[in-house]
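Undergrad: First the structure, which I've put down as structure tokens, then a few questions once you've had a look.
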Amino acid sequence: MYEKITPPTTGSRITFSNGEPIVPDNPIIPFIRGDGTGVDIWPAAQRVMDAAVQTAYQGKRQIDWFKVYAGDEACEVYGTYQYLPEDTLQAIKEFGVAIKGPLTTPIGGGIRSLNVALRQINDLYACVRPCRYYPGTPSPHKNPEKLDVIIYRENTEDIYLGIEWRQGSEIGDRLIKILNEDLIPATPEHGKKQIPLDAGIGIKPISKTGSQRLVRRAIKHALRLPPNKQMVTLVHKGNIMKYTEGAFRDWGYELATSEFRNECITERESWILGNKEHNPDLSTEDNARQLEPGYNALTADKKAQICQEVEAVLSQIWETHGNGQWKHKIMVNDRIADSIFQQIQTRPDEYSILATMNLNGDYLSDAAAAVVGGLGMGPGANIGDECAIFEATHGTAPKHAGLDRINPGSVILSGVMMLEYMGWQEAAELIKKGIGDAIANREVTYDLARLMEPPAQPLKCSEFADAIIKHFSD
Ligand SMILES: NC(=O)C1=CN([C@@H]2O[C@H](COP(=O)(O)OP(=O)(O)OC[C@H]3O[C@@H](n4cnc5c(N)ncnc54)[C@H](OP(=O)(O)O)[C@@H]3O)[C@@H](O)[C@H]2O)C=CC1
Ligand SMILES: O=C(O)CCC(=O)C(=O)O
Ligand SMILES: [Mg+2]
């Protein structure tokens, strides 16, 4: 029973089987309008989705929208401080698939993020953010079309979990004391390090389970891509944070080479096999020398370790992956996080799926969206095994709120992801065509108009939606 909302009287629930949605022809889909520019974006996006479904299925399929509340709007309906009412959580749980506009999070104090809460409460562990280029979109880059990546961002852990203590708080100070006086001295590798007494403290948990279920989804997605895009890059800062970010990388490789052994090859394995293919008489040690830059300067133990790695790869997977067979497998590699920010700009076509931890993925998805046209073109999905919530990469952009000028493209493209997730490919294709044609025709909102050469006359948010719909059928 809901307190203040009533589900549509027509339509039915999306259910799940083995993590996949089973979608009726008239699903009930809860939506959250969103704060700030949500007032502009959501009506435009809903109109485009409804028009696409109507055009594609001529009434045989339709979405029965169910308005639910979060953020400022929820406080208006449910009362002060009721940012995320129980009704909303219940509706999302009951109907399984939802879509939302952006919600405000105050900086430095106040409520924790409602966006993050929705992901955590529903265990939506994979944040999927594709960044691909629509021809004609202005971009600060010379060849933005070369970037076609999908960010798979772990969505429930990392410092995003929000467990932290304010500087000077009683527990924060206690924690620093225990760390400085007990735990750090008891860990020889930390030497004489000490935490400053006036520090705030945040906790960064990265679990094996959380990392591997994310990488599992990323690899399954890679299996569905064309052969030249079958790659998964594990993004991490494991050189500095060895037991969190480094462990993410190691657990990712472990999963790839155990659960997907027949489908995957790691980059190092490909080098070992490639060296041997190039020179069948190559000794183990020479292979190790080619594999590891600076091999000759290593300790005997380290050299032995690398030789063992070479031998293990050749003995375990030569038959299934050698003689070039590895070229038809999913390539799993890893890149250090700071480096990947320049790689997506300098060598964008070398990447496909980027599997990241929570914070790195947050940063990287805004940066990658900028390459292909900015935050107005950055869709996203938060996916779990029994629930999915679709939302744009961007936030509430408050200075543009209520002016009918912001770009609704990201929420519309999030709608495309939702339609694809539901298997309603025909409607999704119509919207993609509509957006592509509108951009090619220079019918765009201010953000894209100002970057075009020469600058285009900007459309309003609502007019951009009209233009997309118009192009369904021309
Ligand atoms: N999932 C969510 O709901 C998210 C919520 N947030 C929250 O949103 C609030 C505002 O965050 P802020 O840092 O300003 O980031 P925003 O993403 O909201 O906006 C930053 C800038 O990005 C550009 N931008 C954003 N959305 C669009 C769009 N639809 N079309 C075109 N350009 C766009 C605008 O640039 P310009 O003015 O130069 O054109 C805007 O000023 C914060 O409370 C934050 O916590 C942030 C991210 C995600
Ligand atoms: O929840 C927020 O306010 C910000 C979240 C965010 O930036 C993101 O998930 O990309
Ligand atoms: Mg973000």
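FYI, nothing fancy with the structure tokens labels: chains A, B, ... in order, residues from 1 per chain, ligands from 1 as they appear.
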What are the nearest atom pairs, with distances in Å to one decimal, for all residues of region 346-459 of chain A that come at most 12 Å from region 245-265 of chain A, using only C-alpha atoms, set out by chain and rising residue number as JSON lines?
TA:
{"residue": "A:Leu354", "atom": "CA", "partner": "A:Gly252", "partner_atom": "CA", "distance": 11.8}
{"residue": "A:Ala355", "atom": "CA", "partner": "A:Gly252", "partner_atom": "CA", "distance": 8.9}
{"residue": "A:Thr356", "atom": "CA", "partner": "A:Phe248", "partner_atom": "CA", "distance": 8.5}
{"residue": "A:Met357", "atom": "CA", "partner": "A:Glu245", "partner_atom": "CA", "distance": 7.7}
{"residue": "A:Asn358", "atom": "CA", "partner": "A:Glu245", "partner_atom": "CA", "distance": 10.5}
{"residue": "A:Leu359", "atom": "CA", "partner": "A:Glu245", "partner_atom": "CA", "distance": 10.8}
{"residue": "A:Asn360", "atom": "CA", "partner": "A:Glu245", "partner_atom": "CA", "distance": 9.9}
Undergrad: Any chance you could list, as a PDB file with N, CA and C atoms, in the first residue's frame, the residues in region 230-331 of chain A that come up alpha helix (DSSP H) when DSSP is run on the backbone?
TA:
ATOM      1  N   GLU A 245      42.591  -0.452  -5.069  1.00  0.00           N
ATOM      2  CA  GLU A 245      42.577  -0.330  -6.533  1.00  0.00           C
ATOM      3  C   GLU A 245      43.411  -1.435  -7.208  1.00  0.00           C
ATOM      4  N   GLY A 246      44.554  -1.762  -6.597  1.00  0.00           N
ATOM      5  CA  GLY A 246      45.374  -2.847  -7.159  1.00  0.00           C
ATOM      6  C   GLY A 246      44.628  -4.170  -7.078  1.00  0.00           C
ATOM      7  N   ALA A 247      43.927  -4.357  -5.968  1.00  0.00           N
ATOM      8  CA  ALA A 247      43.176  -5.600  -5.804  1.00  0.00           C
ATOM      9  C   ALA A 247      42.039  -5.685  -6.825  1.00  0.00           C
ATOM     10  N   PHE A 248      41.418  -4.551  -7.138  1.00  0.00           N
ATOM     11  CA  PHE A 248      40.365  -4.535  -8.158  1.00  0.00           C
ATOM     12  C   PHE A 248      40.909  -5.110  -9.465  1.00  0.00           C
ATOM     13  N   ARG A 249      42.108  -4.647  -9.841  1.00  0.00           N
ATOM     14  CA  ARG A 249      42.726  -5.150 -11.070  1.00  0.00           C
ATOM     15  C   ARG A 249      42.969  -6.660 -10.963  1.00  0.00           C
ATOM     16  N   ASP A 250      43.570  -7.089  -9.847  1.00  0.00           N
ATOM     17  CA  ASP A 250      43.915  -8.512  -9.714  1.00  0.00           C
ATOM     18  C   ASP A 250      42.659  -9.383  -9.720  1.00  0.00           C
ATOM     19  N   TRP A 251      41.615  -8.928  -9.021  1.00  0.00           N
ATOM     20  CA  TRP A 251      40.380  -9.720  -8.982  1.00  0.00           C
ATOM     21  C   TRP A 251      39.718  -9.748 -10.368  1.00  0.00           C
ATOM     22  N   GLY A 252      39.877  -8.652 -11.102  1.00  0.00           N
ATOM     23  CA  GLY A 252      39.320  -8.612 -12.456  1.00  0.00           C
ATOM     24  C   GLY A 252      39.991  -9.646 -13.342  1.00  0.00           C
ATOM     25  N   TYR A 253      41.327  -9.682 -13.292  1.00  0.00           N
ATOM     26  CA  TYR A 253      42.059 -10.676 -14.093  1.00  0.00           C
ATOM     27  C   TYR A 253      41.710 -12.094 -13.638  1.00  0.00           C
ATOM     28  N   GLU A 254      41.625 -12.251 -12.317  1.00  0.00           N
ATOM     29  CA  GLU A 254      41.318 -13.591 -11.787  1.00  0.00           C
ATOM     30  C   GLU A 254      39.981 -14.086 -12.337  1.00  0.00           C
ATOM     31  N   LEU A 255      38.992 -13.187 -12.328  1.00  0.00           N
ATOM     32  CA  LEU A 255      37.676 -13.590 -12.828  1.00  0.00           C
ATOM     33  C   LEU A 255      37.735 -13.915 -14.324  1.00  0.00           C
ATOM     34  N   ALA A 256      38.420 -13.040 -15.082  1.00  0.00           N
ATOM     35  CA  ALA A 256      38.481 -13.244 -16.535  1.00  0.00           C
ATOM     36  C   ALA A 256      39.132 -14.572 -16.880  1.00  0.00           C
ATOM     37  N   THR A 257      40.190 -14.926 -16.135  1.00  0.00           N
ATOM     38  CA  THR A 257      40.946 -16.128 -16.496  1.00  0.00           C
ATOM     39  C   THR A 257      40.424 -17.388 -15.800  1.00  0.00           C
ATOM     40  N   SER A 258      39.363 -17.237 -14.994  1.00  0.00           N
ATOM     41  CA  SER A 258      38.751 -18.439 -14.411  1.00  0.00           C
ATOM     42  C   SER A 258      37.365 -18.637 -15.018  1.00  0.00           C
ATOM     43  N   GLU A 267      46.320  -9.227 -21.658  1.00  0.00           N
ATOM     44  CA  GLU A 267      47.324  -8.594 -22.512  1.00  0.00           C
ATOM     45  C   GLU A 267      48.697  -9.266 -22.341  1.00  0.00           C
ATOM     46  N   ARG A 268      49.064  -9.549 -21.094  1.00  0.00           N
ATOM     47  CA  ARG A 268      50.379 -10.188 -20.868  1.00  0.00           C
ATOM     48  C   ARG A 268      50.416 -11.577 -21.488  1.00  0.00           C
ATOM     49  N   GLU A 269      49.313 -12.306 -21.353  1.00  0.00           N
ATOM     50  CA  GLU A 269      49.289 -13.637 -21.985  1.00  0.00           C
ATOM     51  C   GLU A 269      49.464 -13.512 -23.500  1.00  0.00           C
ATOM     52  N   SER A 270      48.838 -12.487 -24.071  1.00  0.00           N
ATOM     53  CA  SER A 270      48.935 -12.326 -25.538  1.00  0.00           C
ATOM     54  C   SER A 270      50.377 -12.028 -25.943  1.00  0.00           C
ATOM     55  N   TRP A 271      51.093 -11.297 -25.085  1.00  0.00           N
ATOM     56  CA  TRP A 271      52.501 -11.008 -25.408  1.00  0.00           C
ATOM     57  C   TRP A 271      53.330 -12.304 -25.360  1.00  0.00           C
ATOM     58  N   ILE A 272      53.075 -13.101 -24.323  1.00  0.00           N
ATOM     59  CA  ILE A 272      53.839 -14.352 -24.180  1.00  0.00           C
ATOM     60  C   ILE A 272      53.570 -15.266 -25.381  1.00  0.00           C
ATOM     61  N   LEU A 273      52.294 -15.416 -25.711  1.00  0.00           N
ATOM     62  CA  LEU A 273      51.947 -16.288 -26.851  1.00  0.00           C
ATOM     63  C   LEU A 273      52.497 -15.702 -28.152  1.00  0.00           C
ATOM     64  N   GLY A 274      52.361 -14.391 -28.299  1.00  0.00           N
ATOM     65  CA  GLY A 274      52.835 -13.723 -29.517  1.00  0.00           C
ATOM     66  C   GLY A 274      54.344 -13.893 -29.692  1.00  0.00           C
ATOM     67  N   ASN A 275      55.082 -13.754 -28.602  1.00  0.00           N
ATOM     68  CA  ASN A 275      56.543 -13.933 -28.663  1.00  0.00           C
ATOM     69  C   ASN A 275      56.884 -15.333 -29.182  1.00  0.00           C
ATOM     70  N   LYS A 276      56.173 -16.295 -28.661  1.00  0.00           N
ATOM     71  CA  LYS A 276      56.440 -17.699 -29.036  1.00  0.00           C
ATOM     72  C   LYS A 276      56.022 -17.952 -30.494  1.00  0.00           C
ATOM     73  N   GLU A 277      54.913 -17.349 -30.884  1.00  0.00           N
ATOM     74  CA  GLU A 277      54.453 -17.546 -32.275  1.00  0.00           C
ATOM     75  C   GLU A 277      55.461 -16.931 -33.251  1.00  0.00           C
ATOM     76  N   HIS A 278      56.000 -15.794 -32.857  1.00  0.00           N
ATOM     77  CA  HIS A 278      56.952 -15.092 -33.707  1.00  0.00           C
ATOM     78  C   HIS A 278      58.252 -15.890 -33.847  1.00  0.00           C
ATOM     79  N   THR A 284      62.334 -19.930 -22.631  1.00  0.00           N
ATOM     80  CA  THR A 284      61.476 -19.312 -21.612  1.00  0.00           C
ATOM     81  C   THR A 284      62.090 -17.998 -21.143  1.00  0.00           C
ATOM     82  N   GLU A 285      63.407 -18.017 -20.912  1.00  0.00           N
ATOM     83  CA  GLU A 285      64.025 -16.809 -20.362  1.00  0.00           C
ATOM     84  C   GLU A 285      64.002 -15.656 -21.376  1.00  0.00           C
ATOM     85  N   ASP A 286      64.212 -15.971 -22.647  1.00  0.00           N
ATOM     86  CA  ASP A 286      64.168 -14.885 -23.642  1.00  0.00           C
ATOM     87  C   ASP A 286      62.741 -14.345 -23.792  1.00  0.00           C
ATOM     88  N   ASN A 287      61.776 -15.239 -23.660  1.00  0.00           N
ATOM     89  CA  ASN A 287      60.381 -14.780 -23.700  1.00  0.00           C
ATOM     90  C   ASN A 287      60.136 -13.829 -22.518  1.00  0.00           C
ATOM     91  N   ALA A 288      60.617 -14.243 -21.347  1.00  0.00           N
ATOM     92  CA  ALA A 288      60.452 -13.399 -20.143  1.00  0.00           C
ATOM     93  C   ALA A 288      61.145 -12.052 -20.327  1.00  0.00           C
ATOM     94  N   ARG A 289      62.300 -12.082 -20.976  1.00  0.00           N
ATOM     95  CA  ARG A 289      63.068 -10.839 -21.231  1.00  0.00           C
ATOM     96  C   ARG A 289      62.262  -9.893 -22.129  1.00  0.00           C
ATOM     97  N   GLN A 290      61.614 -10.463 -23.139  1.00  0.00           N
ATOM     98  CA  GLN A 290      60.806  -9.617 -24.045  1.00  0.00           C
ATOM     99  C   GLN A 290      59.538  -9.112 -23.341  1.00  0.00           C
ATOM    100  N   LEU A 291      59.039  -9.947 -22.425  1.00  0.00           N
ATOM    101  CA  LEU A 291      57.788  -9.604 -21.728  1.00  0.00           C
ATOM    102  C   LEU A 291      57.991  -8.449 -20.760  1.00  0.00           C
ATOM    103  N   ALA A 300      67.082 -12.296  -8.754  1.00  0.00           N
ATOM    104  CA  ALA A 300      66.933 -13.678  -9.241  1.00  0.00           C
ATOM    105  C   ALA A 300      65.521 -14.193  -8.958  1.00  0.00           C
ATOM    106  N   ASP A 301      64.999 -13.835  -7.790  1.00  0.00           N
ATOM    107  CA  ASP A 301      63.640 -14.293  -7.432  1.00  0.00           C
ATOM    108  C   ASP A 301      62.604 -13.759  -8.404  1.00  0.00           C
ATOM    109  N   LYS A 302      62.717 -12.494  -8.706  1.00  0.00           N
ATOM    110  CA  LYS A 302      61.741 -11.852  -9.599  1.00  0.00           C
ATOM    111  C   LYS A 302      61.847 -12.453 -11.006  1.00  0.00           C
ATOM    112  N   LYS A 303      63.125 -12.701 -11.439  1.00  0.00           N
ATOM    113  CA  LYS A 303      63.311 -13.321 -12.760  1.00  0.00           C
ATOM    114  C   LYS A 303      62.639 -14.695 -12.802  1.00  0.00           C
ATOM    115  N   ALA A 304      62.848 -15.452 -11.714  1.00  0.00           N
ATOM    116  CA  ALA A 304      62.262 -16.804 -11.670  1.00  0.00           C
ATOM    117  C   ALA A 304      60.740 -16.732 -11.740  1.00  0.00           C
ATOM    118  N   GLN A 305      60.204 -15.726 -11.070  1.00  0.00           N
ATOM    119  CA  GLN A 305      58.741 -15.554 -11.052  1.00  0.00           C
ATOM    120  C   GLN A 305      58.205 -15.285 -12.472  1.00  0.00           C
ATOM    121  N   ILE A 306      58.921 -14.457 -13.198  1.00  0.00           N
ATOM    122  CA  ILE A 306      58.440 -14.133 -14.560  1.00  0.00           C
ATOM    123  C   ILE A 306      58.604 -15.337 -15.483  1.00  0.00           C
ATOM    124  N   CYS A 307      59.702 -16.075 -15.305  1.00  0.00           N
ATOM    125  CA  CYS A 307      59.875 -17.291 -16.121  1.00  0.00           C
ATOM    126  C   CYS A 307      58.749 -18.279 -15.827  1.00  0.00           C
ATOM    127  N   GLN A 308      58.379 -18.369 -14.553  1.00  0.00           N
ATOM    128  CA  GLN A 308      57.262 -19.276 -14.197  1.00  0.00           C
ATOM    129  C   GLN A 308      55.971 -18.834 -14.864  1.00  0.00           C
ATOM    130  N   GLU A 309      55.767 -17.519 -14.887  1.00  0.00           N
ATOM    131  CA  GLU A 309      54.550 -16.988 -15.530  1.00  0.00           C
ATOM    132  C   GLU A 309      54.528 -17.393 -17.005  1.00  0.00           C
ATOM    133  N   VAL A 310      55.688 -17.273 -17.673  1.00  0.00           N
ATOM    134  CA  VAL A 310      55.773 -17.628 -19.101  1.00  0.00           C
ATOM    135  C   VAL A 310      55.454 -19.110 -19.279  1.00  0.00           C
ATOM    136  N   GLU A 311      56.081 -19.920 -18.440  1.00  0.00           N
ATOM    137  CA  GLU A 311      55.868 -21.367 -18.579  1.00  0.00           C
ATOM    138  C   GLU A 311      54.412 -21.736 -18.327  1.00  0.00           C
ATOM    139  N   ALA A 312      53.829 -21.112 -17.303  1.00  0.00           N
ATOM    140  CA  ALA A 312      52.432 -21.441 -16.973  1.00  0.00           C
ATOM    141  C   ALA A 312      51.509 -21.090 -18.136  1.00  0.00           C
ATOM    142  N   VAL A 313      51.701 -19.928 -18.730  1.00  0.00           N
ATOM    143  CA  VAL A 313      50.831 -19.525 -19.843  1.00  0.00           C
ATOM    144  C   VAL A 313      50.993 -20.503 -21.009  1.00  0.00           C
ATOM    145  N   LEU A 314      52.267 -20.833 -21.343  1.00  0.00           N
ATOM    146  CA  LEU A 314      52.482 -21.708 -22.500  1.00  0.00           C
ATOM    147  C   LEU A 314      51.932 -23.102 -22.246  1.00  0.00           C
ATOM    148  N   SER A 315      52.084 -23.572 -21.004  1.00  0.00           N
ATOM    149  CA  SER A 315      51.599 -24.934 -20.760  1.00  0.00           C
ATOM    150  C   SER A 315      50.082 -24.973 -20.612  1.00  0.00           C
ATOM    151  N   GLN A 316      49.504 -23.916 -20.069  1.00  0.00           N
ATOM    152  CA  GLN A 316      48.053 -23.978 -19.784  1.00  0.00           C
ATOM    153  C   GLN A 316      47.166 -23.567 -20.950  1.00  0.00           C
ATOM    154  N   ILE A 317      47.601 -22.595 -21.751  1.00  0.00           N
ATOM    155  CA  ILE A 317      46.634 -22.124 -22.767  1.00  0.00           C
ATOM    156  C   ILE A 317      47.177 -22.113 -24.209  1.00  0.00           C
ATOM    157  N   TRP A 318      48.372 -22.656 -24.410  1.00  0.00           N
ATOM    158  CA  TRP A 318      48.884 -22.663 -25.788  1.00  0.00           C
ATOM    159  C   TRP A 318      47.893 -23.379 -26.723  1.00  0.00           C
ATOM    160  N   GLU A 319      47.397 -24.519 -26.247  1.00  0.00           N
ATOM    161  CA  GLU A 319      46.521 -25.308 -27.114  1.00  0.00           C
ATOM    162  C   GLU A 319      45.226 -24.570 -27.492  1.00  0.00           C
ATOM    163  N   THR A 320      44.637 -23.912 -26.495  1.00  0.00           N
ATOM    164  CA  THR A 320      43.341 -23.261 -26.749  1.00  0.00           C
ATOM    165  C   THR A 320      43.480 -21.829 -27.271  1.00  0.00           C
ATOM    166  N   HIS A 321      44.604 -21.174 -26.939  1.00  0.00           N
ATOM    167  CA  HIS A 321      44.730 -19.756 -27.291  1.00  0.00           C
ATOM    168  C   HIS A 321      45.909 -19.457 -28.218  1.00  0.00           C
TER     169      HIS A 321
END
Undergrad: Can you list, as a ChimeraX atom specification, every protein, DNA or RNA residue that comes within 10 Å of region 15-31 of chain A when you count only C-alpha atoms, leaving out same-chain residues fewer than 5 positions away?
TA: /A:7-10,42,46,57,59-70,88,91-101,383-390,421-424
Undergrad: Determine, using only C-alpha atoms and all ligand atoms, which residues of chain A have any atom at most 6 Å from an atom of ligand 1, and tabulate each with its shortest atom pair and distance in Å to one decimal place, rows ordered by chain and then rising number, as a Markdown table.
TA:
| residue | atom | partner | partner_atom_place_in_ligand_line | distance |
| --- | --- | --- | --- | --- |
| A:Pro102 | CA | ligand 1 | 3 (O) | 3.1 |
| A:Leu103 | CA | ligand 1 | 3 (O) | 4.2 |
| A:Thr104 | CA | ligand 1 | 43 (O) | 3.6 |
| A:Thr105 | CA | ligand 1 | 43 (O) | 3.8 |
| A:Pro106 | CA | ligand 1 | 43 (O) | 5.4 |
| A:Asn115 | CA | ligand 1 | 3 (O) | 5.4 |
| A:Leu375 | CA | ligand 1 | 33 (C) | 4.8 |
| A:Gly376 | CA | ligand 1 | 30 (N) | 3.4 |
| A:Thr393 | CA | ligand 1 | 48 (C) | 5.6 |
| A:His394 | CA | ligand 1 | 17 (O) | 3.7 |
| A:Gly395 | CA | ligand 1 | 18 (O) | 3.1 |
| A:Thr396 | CA | ligand 1 | 18 (O) | 3.9 |
| A:Ala397 | CA | ligand 1 | 18 (O) | 3.4 |
| A:Ile406 | CA | ligand 1 | 30 (N) | 4.9 |
| A:Asn407 | CA | ligand 1 | 30 (N) | 3.9 |
| A:Pro408 | CA | ligand 1 | 29 (N) | 5.3 |
| A:Asp447 | CA | ligand 1 | 31 (C) | 5.3 |
Undergrad: Near region 427-431 of chain A, within 12 Å and counting only C-alpha atoms, which residues show up once chain neighbours fewer than 4 positions away are dropped, as a compact mmCIF listing (two decimals) with N, CA and C atoms, in the first residue's frame?
TA:
# COMPACT_ATOMS: atom_id res chain seq x y z
N ALA A 45 11.84 14.47 -22.39
CA ALA A 45 12.27 13.08 -22.59
C ALA A 45 11.07 12.14 -22.64
N GLN A 46 10.10 12.37 -21.77
CA GLN A 46 8.93 11.50 -21.74
C GLN A 46 8.17 11.58 -23.06
N ARG A 47 8.06 12.79 -23.57
CA ARG A 47 7.35 12.99 -24.84
C ARG A 47 8.04 12.23 -25.98
N VAL A 48 9.37 12.31 -26.01
CA VAL A 48 10.11 11.63 -27.08
C VAL A 48 9.93 10.10 -26.96
N MET A 49 10.03 9.60 -25.74
CA MET A 49 9.90 8.14 -25.57
C MET A 49 8.50 7.67 -25.96
N ASP A 50 7.48 8.41 -25.53
CA ASP A 50 6.10 8.01 -25.87
C ASP A 50 5.88 8.05 -27.37
N ALA A 51 6.40 9.09 -28.02
CA ALA A 51 6.20 9.21 -29.47
C ALA A 51 6.91 8.06 -30.19
N ALA A 52 8.10 7.70 -29.71
CA ALA A 52 8.85 6.62 -30.37
C ALA A 52 8.12 5.29 -30.22
N VAL A 53 7.59 5.04 -29.01
CA VAL A 53 6.89 3.77 -28.78
C VAL A 53 5.62 3.73 -29.63
N GLN A 54 4.91 4.86 -29.69
CA GLN A 54 3.68 4.91 -30.49
C GLN A 54 3.99 4.69 -31.98
N THR A 55 5.03 5.36 -32.48
CA THR A 55 5.38 5.23 -33.90
C THR A 55 5.84 3.80 -34.20
N ALA A 56 6.62 3.24 -33.31
CA ALA A 56 7.18 1.90 -33.58
C ALA A 56 6.12 0.82 -33.46
N TYR A 57 5.21 0.94 -32.52
CA TYR A 57 4.31 -0.20 -32.23
C TYR A 57 2.83 0.10 -32.45
N GLN A 58 2.52 1.33 -32.84
CA GLN A 58 1.13 1.69 -33.22
C GLN A 58 0.11 1.23 -32.19
N ARG A 61 2.16 -1.62 -28.09
CA ARG A 61 2.95 -1.51 -26.86
C ARG A 61 2.85 -0.08 -26.36
N GLN A 62 2.84 0.08 -25.04
CA GLN A 62 2.94 1.43 -24.50
C GLN A 62 3.46 1.39 -23.07
N ILE A 63 4.08 2.50 -22.67
CA ILE A 63 4.56 2.58 -21.28
C ILE A 63 3.49 3.26 -20.45
N GLY A 409 19.14 15.70 -24.14
CA GLY A 409 19.70 14.55 -24.86
C GLY A 409 20.12 13.39 -23.96
N VAL A 411 19.04 12.43 -20.93
CA VAL A 411 17.94 11.64 -20.36
C VAL A 411 17.21 10.91 -21.50
N ILE A 412 17.11 11.55 -22.65
CA ILE A 412 16.48 10.86 -23.80
C ILE A 412 17.31 9.63 -24.17
N LEU A 413 18.63 9.79 -24.21
CA LEU A 413 19.48 8.64 -24.53
C LEU A 413 19.47 7.59 -23.41
N SER A 414 19.25 8.04 -22.18
CA SER A 414 19.07 7.07 -21.09
C SER A 414 17.78 6.29 -21.34
N GLY A 415 16.78 6.98 -21.88
CA GLY A 415 15.53 6.32 -22.27
C GLY A 415 15.79 5.30 -23.38
N VAL A 416 16.68 5.64 -24.31
CA VAL A 416 17.05 4.67 -25.36
C VAL A 416 17.67 3.43 -24.72
N MET A 417 18.55 3.66 -23.74
CA MET A 417 19.15 2.49 -23.05
C MET A 417 18.07 1.66 -22.37
N MET A 418 17.07 2.35 -21.80
CA MET A 418 16.00 1.63 -21.12
C MET A 418 15.19 0.80 -22.12
N LEU A 419 14.87 1.41 -23.27
CA LEU A 419 14.10 0.69 -24.29
C LEU A 419 14.89 -0.52 -24.79
N GLU A 420 16.20 -0.36 -24.96
CA GLU A 420 17.03 -1.48 -25.41
C GLU A 420 17.06 -2.58 -24.35
N TYR A 421 17.17 -2.15 -23.11
CA TYR A 421 17.18 -3.10 -21.99
C TYR A 421 15.87 -3.89 -21.97
N MET A 422 14.77 -3.21 -22.34
CA MET A 422 13.46 -3.87 -22.37
C MET A 422 13.26 -4.70 -23.63
N GLY A 423 14.19 -4.60 -24.56
CA GLY A 423 14.04 -5.33 -25.83
C GLY A 423 13.19 -4.59 -26.84
N ILE A 435 17.61 11.82 -33.05
CA ILE A 435 18.68 12.66 -32.48
C ILE A 435 19.77 12.90 -33.52
N GLY A 436 20.17 11.84 -34.21
CA GLY A 436 21.23 11.96 -35.21
C GLY A 436 20.84 12.96 -36.29
N ASP A 437 19.60 12.86 -36.78
CA ASP A 437 19.17 13.76 -37.86
C ASP A 437 19.04 15.20 -37.36
N ALA A 438 18.53 15.37 -36.13
CA ALA A 438 18.39 16.73 -35.59
C ALA A 438 19.77 17.39 -35.48
N ALA A 465 13.20 18.40 -28.43
CA ALA A 465 12.37 17.19 -28.39
C ALA A 465 11.47 17.14 -29.62
N ASP A 466 10.86 18.28 -29.98
CA ASP A 466 10.00 18.31 -31.18
C ASP A 466 10.80 17.90 -32.42
N ALA A 467 12.03 18.44 -32.52
CA ALA A 467 12.84 18.15 -33.71
C ALA A 467 13.17 16.66 -33.78
N ILE A 468 13.48 16.06 -32.64
CA ILE A 468 13.81 14.61 -32.63
C ILE A 468 12.59 13.83 -33.14
N ILE A 469 11.42 14.17 -32.61
CA ILE A 469 10.20 13.44 -33.00
C ILE A 469 9.92 13.63 -34.49
N LYS A 470 10.10 14.87 -34.95
CA LYS A 470 9.86 15.16 -36.38
C LYS A 470 10.73 14.25 -37.26
N HIS A 471 11.94 13.99 -36.84
CA HIS A 471 12.86 13.21 -37.68
C HIS A 471 12.63 11.70 -37.59
N PHE A 472 11.69 11.26 -36.76
CA PHE A 472 11.38 9.82 -36.76
C PHE A 472 10.97 9.37 -38.16
N SER A 473 10.22 10.25 -38.82
CA SER A 473 9.55 9.77 -40.03
C SER A 473 10.01 10.46 -41.30
N ASP A 474 11.17 11.18 -41.28
CA ASP A 474 11.59 11.72 -42.58
C ASP A 474 12.83 11.01 -43.07
Undergrad: Based on the backbone DSSP call, show me all residues of region 205-339 of chain A assigned strand (DSSP E), as a VMD selection string.
TA: chain A and resid 231 to 236 264 to 266 330 to 336
Undergrad: Do you have the CA of Gly202 (chain A)-CA of Ile159 (chain A) distance handy?
TA: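 Between these atoms lies a distance of 6.7 Å.
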Undergrad: Which one of A:Glu350, A:Glu145, A:Asp35, A:Glu189 sits closest to ligand 2 if you count only C-alpha atoms and all ligand atoms?
TA: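 The answer is A:Asp35, which sits nearest to ligand 2.
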Undergrad: Can you tell me, as JSON, numbers by chain, what residues are no more than 8 Å from Arg213 (chain A) when counting only C-alpha atoms, ignoring any on the same chain fewer than 4 positions away?
TA: {"A": [125, 209, 217]}
Undergrad: Between A:Tyr160, A:Tyr152, A:Tyr243, A:Tyr295, which one has atoms that come closest to ligand 2, using only C-alpha atoms and all ligand atoms?
TA: A:Tyr160
Undergrad: Pick the closest to Pro227 (chain A) from A:Ile330, A:Ile340, A:Cys461, A:Ala381: which is it, counting only C-alpha atoms?
TA: A:Ile330
Undergrad: Using only C-alpha atoms, which residues sit within 9 Å of Met231 (chain A) once same-chain residues fewer than 5 positions away are excluded, as a PyMOL selection string?
TA: chain A and resi 219+222-223+225+329-333+350-354
Undergrad: Would you mind exporting the chosen residues as a tab-separated table (two decimals), in the first residue's frame, restricted to C-alpha atoms?
TA:
chain	number	residue	atom	x	y	z
A	219	ILE	CA	32.87	-9.19	-19.91
A	222	ALA	CA	31.96	-7.46	-24.39
A	223	LEU	CA	30.86	-10.89	-25.61
A	225	LEU	CA	30.04	-6.62	-29.15
A	329	LYS	CA	39.18	-13.75	-27.74
A	330	ILE	CA	38.16	-10.87	-25.51
A	331	MET	CA	41.28	-8.87	-24.70
A	332	VAL	CA	41.42	-7.99	-21.00
A	333	ASN	CA	44.03	-5.41	-20.13
A	350	GLU	CA	42.10	1.46	-28.71
A	351	TYR	CA	39.43	1.14	-26.03
A	352	SER	CA	35.97	-0.36	-25.77
A	353	ILE	CA	34.68	-1.31	-22.31
A	354	LEU	CA	36.32	0.46	-19.39
